[in-house]
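These notes are about the structure you will find just below.
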Amino acid sequence: MIHRPRVLVARRIPTHTLERLAQHFELEVNPDDQPFPRDELIRRLADKHGALTTGSERIDAEVLAAAPGLRIVANMAVGFNNFDVPACTAAGVWATNTPDVLTETTADFGFALILATARRITESEHFLRAGHWNRWSWDMFTGPDVHGATLGILGMGRIGQAIARRGVHGFGMKLIYRNRSRLPLEQEAALGARFVDKDTLLREADHLILVLPYSSESHHSIGAAELALMKPTATLVNIARGGIVDDAALAVALRERRIAAAGLDVFEGEPKVHPDLLALPNVVLTPHIASASVATRHAMADLAADNLIGVLAGSGPKTPIVADISPRMRPA
Ligand code: GLV
């Protein structure tokens, strides 16, 4: 009898994707969608050939060493800071993510957070729901304009560029950005974008959005010193990863009105949220849902499945994080 590859599906995923995977693999599925404690993850991966993971599963050298048959870890996320990618490459294990399919949806949400934060949408809704609204006032919940303002983007990858297009073409914003590499000049010209140093970005942005990957270099890219450079009328949005912002320092800046407001979809140590942030009115808080449209979440699950099928039953991964690895051979 030919044994089918064994795959761990570490979290709940759409049923039709699970059914697709079941046509190719022997599946072990997380029964209750709680992230596995690390020792349980290691134990469950020991006899697997592939794993479908999300940001909650840390894959590093220790995990890989304990799973000698593992050939692919397929993240259902574009971010992959839960993977030690060099350790995967060294072990000959494909690491894949889900780029492109979530770009526009995530950019929509980033823009929604810019608007909600600047225009105080959740704060005013709480006021209304609490029964405090008894008359119209000219300055009730006034905030900064978004249209025509200066949009600052830190991290100009695919999602940053999609946000830039919305800001420039949809809202007539002026655009400044900082990134590891500069955009091609014709793309800068089409967006009227100015490539600036980080201090200029912080000083000049009316609305600053963070869309850079998390790594040890980007840890606390925005802390007390950076917040001190921003305009007191500015807003800050983080849809990238918790840890890029020093949440404690942000809470202080928001409380002292050193910046006007913030919109956060990601948090240090999430799903826990810094208690000081929870207590502040001038911060919009959402539970890591920037890519959460129905169609996009299905597309992400399907792309993760394509990668598993490509590696374990086909011609290779569709969206590998590192393209040239020497893949682990399947034990006979
Ligand atoms: C979500 O945060 C992702 O990285 O896809």
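Residue names in the structure tokens use chain letters A, B, ... in the order shown, residue numbers from 1 in each chain, and ligand numbers from 1 in the order shown.
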* Which protein, DNA or RNA residues have an atom within 6 Å of ligand 1, counting only C-alpha atoms and all ligand atoms, as a PyMOL selection string? -> chain A and resi 77-79
Could you take the residues named above and write them with all heavy atoms, as a PDB file, in the first residue's frame?
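The resulting part-v3.pdb:
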ATOM      1  N   ALA A  77      -0.494  33.117   5.863  1.00  0.00           N
ATOM      2  CA  ALA A  77      -0.252  34.519   6.214  1.00  0.00           C
ATOM      3  C   ALA A  77       0.830  35.006   5.267  1.00  0.00           C
ATOM      4  O   ALA A  77       1.654  34.204   4.809  1.00  0.00           O
ATOM      5  CB  ALA A  77       0.228  34.655   7.660  1.00  0.00           C
ATOM      6  N   VAL A  78       0.836  36.314   5.015  1.00  0.00           N
ATOM      7  CA  VAL A  78       1.954  36.834   4.211  1.00  0.00           C
ATOM      8  C   VAL A  78       3.174  37.031   5.109  1.00  0.00           C
ATOM      9  O   VAL A  78       4.304  36.810   4.692  1.00  0.00           O
ATOM     10  CB  VAL A  78       1.558  38.128   3.460  1.00  0.00           C
ATOM     11  CG1 VAL A  78       1.301  39.291   4.399  1.00  0.00           C
ATOM     12  CG2 VAL A  78       2.617  38.507   2.437  1.00  0.00           C
ATOM     13  N   GLY A  79       2.938  37.434   6.364  1.00  0.00           N
ATOM     14  CA  GLY A  79       4.038  37.601   7.317  1.00  0.00           C
ATOM     15  C   GLY A  79       4.536  36.228   7.743  1.00  0.00           C
ATOM     16  O   GLY A  79       3.768  35.267   7.787  1.00  0.00           O
TER      17      GLY A  79
END
May I have a table of the residues of segment 259-292 of chain A lying at most 10 Å from segment 112-124 of chain A, giving each one's closest pair of atoms and their distance in Å to one decimal, counting only C-alpha atoms, ordered by chain and ascending residue number, as JSON lines?
{"residue": "A:Ala260", "atom": "CA", "partner": "A:Ala118", "partner_atom": "CA", "distance": 8.2}
{"residue": "A:Ala261", "atom": "CA", "partner": "A:Thr117", "partner_atom": "CA", "distance": 6.2}
{"residue": "A:Ala262", "atom": "CA", "partner": "A:Thr117", "partner_atom": "CA", "distance": 6.0}
{"residue": "A:Gly263", "atom": "CA", "partner": "A:Thr117", "partner_atom": "CA", "distance": 5.5}
{"residue": "A:Leu264", "atom": "CA", "partner": "A:Leu113", "partner_atom": "CA", "distance": 7.7}
{"residue": "A:Asp265", "atom": "CA", "partner": "A:Leu113", "partner_atom": "CA", "distance": 8.4}
{"residue": "A:Leu280", "atom": "CA", "partner": "A:Glu123", "partner_atom": "CA", "distance": 9.7}
{"residue": "A:Pro281", "atom": "CA", "partner": "A:Glu123", "partner_atom": "CA", "distance": 6.1}
{"residue": "A:Asn282", "atom": "CA", "partner": "A:Glu123", "partner_atom": "CA", "distance": 7.0}
{"residue": "A:Val283", "atom": "CA", "partner": "A:Thr117", "partner_atom": "CA", "distance": 6.8}
{"residue": "A:Val284", "atom": "CA", "partner": "A:Thr117", "partner_atom": "CA", "distance": 6.0}
{"residue": "A:Leu285", "atom": "CA", "partner": "A:Thr122", "partner_atom": "CA", "distance": 8.8}
{"residue": "A:Thr286", "atom": "CA", "partner": "A:Leu113", "partner_atom": "CA", "distance": 9.0}
{"residue": "A:Ala290", "atom": "CA", "partner": "A:Leu113", "partner_atom": "CA", "distance": 9.3}
* **Close residues, Ala305 of chain A itself excluded, 7 Å, only C-alpha atoms, min 4 positions apart in chain, as number ranges by chain** => A: 17, 21, 301, 309
Export of prior selection with N, CA, C and O atoms as a tab-separated table (two decimals), in the first residue's frame:
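Once everything was written out, this is again.tsv:
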chain	number	residue	atom	x	y	z
A	17	THR	N	-11.16	23.82	1.68
A	17	THR	CA	-9.71	23.67	1.58
A	17	THR	C	-9.28	22.37	2.27
A	17	THR	O	-8.42	21.63	1.78
A	21	LEU	N	-7.33	19.21	0.65
A	21	LEU	CA	-6.13	18.61	1.24
A	21	LEU	C	-6.34	17.12	1.50
A	21	LEU	O	-5.44	16.30	1.30
A	301	ALA	N	-6.10	30.40	2.38
A	301	ALA	CA	-6.10	28.97	2.74
A	301	ALA	C	-5.79	28.14	1.50
A	301	ALA	O	-5.01	27.17	1.56
A	309	ILE	N	0.43	20.91	-1.56
A	309	ILE	CA	0.23	19.93	-2.64
A	309	ILE	C	1.41	20.00	-3.61
A	309	ILE	O	1.94	18.98	-4.04
* To do: Determine the nearest neighbour of Glu28 of chain A from the options A:Leu45, A:Ala189, A:Val7, A:Ala313, counting only C-alpha atoms.
  =>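 Checking each of A:Leu45, A:Ala189, A:Val7, A:Ala313 against Glu28 of chain A, counting only C-alpha atoms, the winner is A:Val7.
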* Got a sec: who's within 9 Å of Glu26 of chain A, counting only C-alpha atoms, leaving out chain neighbours fewer than 3 positions off, as number ranges by chain? -> A: 3-8, 21-23
* **Residues flagged helix (DSSP H, G or I) by DSSP in segment 151-184 of chain A, as a list of chain:residue names** =>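 The helix (DSSP H, G or I) subset of segment 151-184 of chain A is A:Arg158, A:Ile159, A:Gly160, A:Gln161, A:Ala162, A:Ile163, A:Ala164, A:Arg165, A:Arg166, A:Gly167, A:Val168, A:His169, A:Gly170, A:Phe171.
Shortest atom-to-atom contact with Val9 of chain A among A:Val211, A:Leu303, A:Leu308, A:Ala253: A:Leu308, counting only C-alpha atoms.
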* Spatial neighbours of Phe83 of chain A, max dist 9 Å, only C-alpha atoms, sep filter under 3 positions, as number ranges by chain -> A: 55, 57-60, 73, 75, 80, 86-88, 95
* Residues within 7 Å of segment 69-72 of chain A, only C-alpha atoms, excluding chain neighbours under 4 positions, as a PyMOL selection string -> chain A and resi 47-51+93-95+308+311+328+330-331
